[in-house]
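Colleague: One structure, pasted below without further comment.
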Amino acid sequence: MKTDIRPDLLIAYFAAAAVAAHVLEAAIPGPGPWFKMGLANIFTLVAFFHLGWGAAAIVSIIRVVAGSLALGTFLSPTFFLSFSGATGAVALMGVVALSPFRLGPVGVSILASLAHMVSQVVMAWVLIIGHDGIFLALPWFLIGSWFTGLVNGLLAFLILKRVAQHQTMEIVWR
Amino acid sequence: MKNLGFKFFSLLKKATYPADRWVMAISAIILIALVIQPHRAGDEVSIYKDNQLLMNLSLNSDSITPVEGRLGEVKIEVKDGQARLLEYSSLRLIGTKTGWIKNRGEIAVCVPCGILIQIKGDKKPATTEQKEKLFDGIAR
């Protein structure tokens, strides 16, 4: 027997998981400069494939705002960088949703990860640094983003597979 | 290890559509093309705060220069023809983690501090006259 589940509850679950991943990741030392796994983005991807672009946008906004409040970086440069990155990634997902190509979580994750990094660097250039030299490092940042996008896409695929196996859940839009 | 690699590619195959594989291949090729550039050692390091040039330091003499960033003092260390950023108050210390930079165009940046350092080379481009002289020299 299937149980109804409201999409807003699912969005809340995904957002809570994303905020937890965001905070957890901030506590883990990174392997290098400008390099973060972006684990929270996995849940944005899951929301995108499971519920659609709107849900992904909501999860992303909640994650950035709640995550920054938890870390004490709200409205700081770090917040704006995080916000711009999330906006870039979600905008890219919107383009994918409108495109005729059938992309899975890995393809979307890589493109979103690259868009995330480009948006962050542009935001850093516009708001904070203002020096063109920052773009010289962009290809290296993008290489890192490519790999994190790949890993996150695979993890999102595994989570989506698990979610799809839940025969007791049926999303009911009200 | 071999088994792990096989499992990874098996998972990747399951998780991707043909369009995903095209995205992976094309983006990887573009990124590799962007990254492959010849590296040339620099002569000096320029220090910027909020995009304003504060000073240039020669890479030929070792030094530690403190500058005032948005979050407090940041030190720029020059040693053995390389430079690095040493920030103390930034949350993630990304500029410090960048480590030593020595090739022209390379940067280390602390975004919250507003401090950026960039390696510069010979700023004077060859004039037409100089180029002509060079070609004359080769011809002779």
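Note on naming: chains are A, B, ... as they come in the structure tokens, residues start from 1 per chain, ligands start from 1 in the order shown.
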Counting only C-alpha atoms, what is within 9 Å of segment 132-148 of chain A, bar same-chain residues fewer than 4 positions away, as number ranges by chain?
Modeller: A: 33-39, 109-111, 113-114, 116-118, 121-122, 124-125, 152-153; B: 24, 27-28, 31-32, 34-35, 51, 105-109, 116-118
Colleague: Quick one: write out the picked residues with N, CA, C and O atoms as a compact mmCIF listing (two decimals), in the first residue's frame?
Modeller:
```
# COMPACT_ATOMS: atom_id res chain seq x y z
N PRO A 33 43.25 24.79 -1.92
CA PRO A 33 42.55 26.05 -1.98
C PRO A 33 41.38 26.02 -2.95
O PRO A 33 41.46 25.38 -3.99
N TRP A 34 40.35 26.72 -2.62
CA TRP A 34 39.16 26.85 -3.47
C TRP A 34 38.56 25.48 -3.79
O TRP A 34 37.87 25.32 -4.78
N PHE A 35 38.87 24.50 -3.00
CA PHE A 35 38.40 23.15 -3.32
C PHE A 35 37.48 22.65 -2.23
O PHE A 35 37.91 22.42 -1.12
N LYS A 36 36.21 22.51 -2.60
CA LYS A 36 35.24 21.94 -1.68
C LYS A 36 34.48 20.87 -2.45
O LYS A 36 34.25 21.02 -3.65
N MET A 37 34.11 19.83 -1.78
CA MET A 37 33.37 18.77 -2.46
C MET A 37 31.98 19.24 -2.87
O MET A 37 31.41 18.74 -3.85
N GLY A 38 31.41 20.17 -2.14
CA GLY A 38 30.06 20.63 -2.47
C GLY A 38 29.02 19.54 -2.26
O GLY A 38 28.10 19.38 -3.08
N LEU A 39 29.18 18.81 -1.15
CA LEU A 39 28.28 17.68 -0.87
C LEU A 39 26.81 18.11 -0.77
O LEU A 39 25.91 17.35 -1.11
N SER A 109 25.24 17.41 -12.92
CA SER A 109 26.10 17.75 -11.80
C SER A 109 27.41 18.41 -12.27
O SER A 109 27.85 19.41 -11.69
N ILE A 110 27.99 17.86 -13.34
CA ILE A 110 29.25 18.44 -13.85
C ILE A 110 28.99 19.86 -14.36
O ILE A 110 29.71 20.80 -14.02
N LEU A 111 27.93 20.02 -15.16
CA LEU A 111 27.63 21.36 -15.71
C LEU A 111 27.29 22.35 -14.59
O LEU A 111 27.75 23.50 -14.59
N SER A 113 28.23 22.18 -11.49
CA SER A 113 29.44 22.43 -10.71
C SER A 113 30.32 23.48 -11.40
O SER A 113 30.87 24.37 -10.74
N LEU A 114 30.42 23.37 -12.73
CA LEU A 114 31.22 24.36 -13.48
C LEU A 114 30.55 25.74 -13.40
O LEU A 114 31.22 26.76 -13.20
N HIS A 116 28.61 26.78 -11.06
CA HIS A 116 28.77 27.20 -9.66
C HIS A 116 30.10 27.93 -9.50
O HIS A 116 30.17 29.03 -8.95
N MET A 117 31.16 27.33 -10.03
CA MET A 117 32.50 27.91 -9.87
C MET A 117 32.63 29.22 -10.66
O MET A 117 33.17 30.21 -10.14
N VAL A 118 32.13 29.23 -11.91
CA VAL A 118 32.23 30.45 -12.71
C VAL A 118 31.48 31.59 -12.01
O VAL A 118 31.99 32.71 -11.89
N VAL A 121 33.48 32.90 -9.00
CA VAL A 121 34.66 33.69 -9.37
C VAL A 121 34.23 35.06 -9.91
O VAL A 121 34.83 36.09 -9.58
N VAL A 122 33.14 35.07 -10.70
CA VAL A 122 32.64 36.36 -11.20
C VAL A 122 32.19 37.23 -10.03
O VAL A 122 32.47 38.43 -9.98
N ALA A 124 33.28 37.07 -6.92
CA ALA A 124 34.49 37.51 -6.22
C ALA A 124 35.13 38.68 -6.96
O ALA A 124 35.61 39.63 -6.35
N TRP A 125 35.10 38.61 -8.29
CA TRP A 125 35.69 39.68 -9.11
C TRP A 125 34.87 40.97 -9.00
O TRP A 125 35.42 42.05 -8.81
N ASN A 152 29.78 13.97 -7.11
CA ASN A 152 28.47 14.33 -6.56
C ASN A 152 27.34 13.79 -7.43
O ASN A 152 26.29 13.38 -6.92
N GLY A 153 27.55 13.78 -8.74
CA GLY A 153 26.54 13.25 -9.66
C GLY A 153 26.31 11.76 -9.43
O GLY A 153 25.17 11.29 -9.42
N MET B 24 30.66 15.13 -20.41
CA MET B 24 31.91 14.84 -19.70
C MET B 24 33.12 15.01 -20.62
O MET B 24 34.11 15.65 -20.26
N SER B 27 33.55 18.86 -21.95
CA SER B 27 34.00 19.78 -20.89
C SER B 27 35.43 19.45 -20.46
O SER B 27 36.23 20.36 -20.21
N ALA B 28 35.77 18.14 -20.41
CA ALA B 28 37.14 17.76 -20.02
C ALA B 28 38.16 18.26 -21.05
O ALA B 28 39.21 18.81 -20.68
N LEU B 31 38.61 22.05 -20.71
CA LEU B 31 39.37 22.41 -19.50
C LEU B 31 40.85 22.09 -19.63
O LEU B 31 41.70 22.90 -19.24
N ILE B 32 41.15 20.93 -20.23
CA ILE B 32 42.58 20.58 -20.40
C ILE B 32 43.25 21.59 -21.33
O ILE B 32 44.35 22.05 -21.08
N LEU B 34 42.45 24.68 -21.70
CA LEU B 34 42.61 25.95 -20.96
C LEU B 34 43.80 25.90 -20.00
O LEU B 34 44.48 26.90 -19.78
N VAL B 35 44.03 24.73 -19.45
CA VAL B 35 45.06 24.60 -18.41
C VAL B 35 46.46 24.50 -19.00
O VAL B 35 47.43 25.00 -18.42
N ASN B 51 41.70 45.69 -5.39
CA ASN B 51 42.06 46.01 -6.78
C ASN B 51 42.94 47.25 -6.90
O ASN B 51 43.11 47.77 -8.00
N GLY B 105 51.72 35.48 -14.07
CA GLY B 105 50.26 35.37 -14.15
C GLY B 105 49.65 34.65 -12.96
O GLY B 105 48.47 34.81 -12.68
N GLU B 106 50.45 33.86 -12.24
CA GLU B 106 49.90 33.11 -11.11
C GLU B 106 49.45 34.07 -10.00
O GLU B 106 50.10 35.09 -9.76
N ILE B 107 48.38 33.69 -9.34
CA ILE B 107 47.88 34.54 -8.26
C ILE B 107 47.63 33.72 -7.00
O ILE B 107 47.41 32.52 -7.06
N ALA B 108 47.66 34.41 -5.88
CA ALA B 108 47.16 33.86 -4.61
C ALA B 108 46.25 34.94 -4.06
O ALA B 108 46.58 36.13 -4.13
N VAL B 109 45.10 34.54 -3.59
CA VAL B 109 44.13 35.56 -3.18
C VAL B 109 43.43 35.16 -1.89
O VAL B 109 43.12 34.00 -1.67
N LEU B 116 45.21 40.40 -2.95
CA LEU B 116 45.58 39.53 -4.07
C LEU B 116 47.04 39.79 -4.40
O LEU B 116 47.48 40.93 -4.42
N ILE B 117 47.79 38.73 -4.62
CA ILE B 117 49.16 38.91 -5.10
C ILE B 117 49.27 38.21 -6.46
O ILE B 117 48.66 37.16 -6.68
N GLN B 118 50.03 38.82 -7.36
CA GLN B 118 50.17 38.26 -8.69
C GLN B 118 51.62 38.37 -9.14
O GLN B 118 52.27 39.41 -8.92
```
Colleague: Just want the 10 Å neighbourhood of Leu53 of chain B, counted on only C-alpha atoms, with same-chain residues fewer than 5 positions away dropped. Output as a JSON list (two decimals) with C-alpha atoms, in the first residue's frame.
Modeller:
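Written file, part.json:
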```
[["chain", "number", "residue", "atom", "x", "y", "z"],
["A", 131, "HIS", "CA", 41.34, 42.20, -10.33],
["B", 46, "SER", "CA", 52.43, 42.81, -7.29],
["B", 47, "ILE", "CA", 50.31, 43.24, -4.16],
["B", 48, "TYR", "CA", 46.75, 44.52, -4.53],
["B", 115, "ILE", "CA", 44.29, 40.96, -0.81],
["B", 116, "LEU", "CA", 45.58, 39.53, -4.07],
["B", 117, "ILE", "CA", 49.16, 38.91, -5.10]]
```
Colleague: DSSP says helix (DSSP H, G or I) for which residues of chain A? Put them as a VMD selection string?
Modeller: chain A and resid 7 to 27 40 to 51 53 to 71 77 to 98 105 to 128 132 to 165
Colleague: Which one of B:Asp50, B:Asp62, B:Glu73, B:Glu68 sits closest to chain A if you count only C-alpha atoms?
Modeller: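 Counting only C-alpha atoms, the residue closest to chain A is B:Asp50.
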Colleague: To one decimal place in Å, what is the distance between atom CA of Ile101 of chain B and atom CA of Ile119 of chain B?
Modeller: 7.3 Å
Colleague: Would you mind reading off the distance between atom CA of Phe49 of chain A and atom CA of Leu150 of chain A, one decimal, in Å?
Modeller: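 Here the two named atoms are 16.0 Å from each other.
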Colleague: Neighbours of Thr44 of chain A within 8 Å (only C-alpha atoms; same-chain residues fewer than 4 positions away dropped), as JSON, numbers by chain?
Modeller: {"A": [14, 15, 18, 40, 48, 56, 57, 59, 60]}
Colleague: Mind pulling up the distance from atom CA of Glu44 of chain B to atom CA of Ala83 of chain B?
Modeller: 8.9 Å
Colleague: Check the smallest atom-to-atom distance from each of B:Ser58, B:Lys7, B:Glu77, B:Gln52 to chain A using only C-alpha atoms, then report the winner.
Modeller: B:Gln52
Colleague: Which is closer to Gly104 of chain A than all the others in A:Trp53, A:Phe80, A:Phe157, A:Tyr13, using only C-alpha atoms?
Modeller: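 Of A:Trp53, A:Phe80, A:Phe157, A:Tyr13, the one nearest Gly104 of chain A is A:Phe157, counting only C-alpha atoms.
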Colleague: List as a PyMOL selection string the protein and nucleic acid residues near Gly114 of chain B, meaning an atom at most 7 Å away when only C-alpha atoms are counted, but skip any in the same chain fewer than 5 places from it.
Modeller: (chain A and resi 128-129) or (chain B and resi 49-50+69-70)
Colleague: Which parts of segment 6-94 of chain B does DSSP call strand (DSSP E) when run on the backbone here, written out as an MDAnalysis selection string?
Modeller: chainID B and resid 44:49 52:58 63:69 72:79 82:87
Colleague: Restricting it to C-alpha atoms, dump the selection as a short mmCIF file (atom, residue, chain, number, x, y, z; two decimals), in the first residue's frame.
Modeller:
```cif
data_model
loop_
_atom_site.label_atom_id
_atom_site.label_comp_id
_atom_site.auth_asym_id
_atom_site.auth_seq_id
_atom_site.Cartn_x
_atom_site.Cartn_y
_atom_site.Cartn_z
CA GLU B 44 58.30 40.56 -9.26
CA VAL B 45 55.15 40.16 -7.25
CA SER B 46 52.43 42.81 -7.29
CA ILE B 47 50.31 43.24 -4.16
CA TYR B 48 46.75 44.52 -4.53
CA LYS B 49 44.17 45.49 -1.95
CA GLN B 52 44.37 48.92 -5.87
CA LEU B 53 48.05 48.26 -6.42
CA LEU B 54 49.84 48.68 -3.10
CA MET B 55 53.38 47.80 -4.15
CA ASN B 56 55.62 45.61 -6.24
CA LEU B 57 58.25 43.43 -4.63
CA SER B 58 61.23 41.98 -6.43
CA SER B 63 61.55 39.52 2.28
CA ILE B 64 58.48 39.37 4.49
CA THR B 65 56.17 42.35 3.94
CA PRO B 66 53.11 43.00 6.14
CA VAL B 67 50.09 44.71 4.59
CA GLU B 68 46.78 45.62 6.20
CA GLY B 69 43.88 43.56 4.82
CA GLY B 72 43.81 42.36 9.77
CA GLU B 73 47.44 41.87 8.93
CA VAL B 74 48.46 39.77 5.94
CA LYS B 75 52.11 38.99 5.24
CA ILE B 76 53.63 38.44 1.82
CA GLU B 77 56.74 36.32 1.92
CA VAL B 78 59.26 36.30 -0.92
CA LYS B 79 61.88 33.56 -0.92
CA GLN B 82 58.76 32.63 -5.17
CA ALA B 83 56.06 34.43 -3.22
CA ARG B 84 53.27 33.37 -0.91
CA LEU B 85 50.43 34.86 1.07
CA LEU B 86 50.28 34.38 4.81
CA GLU B 87 46.91 35.43 6.17
#
```
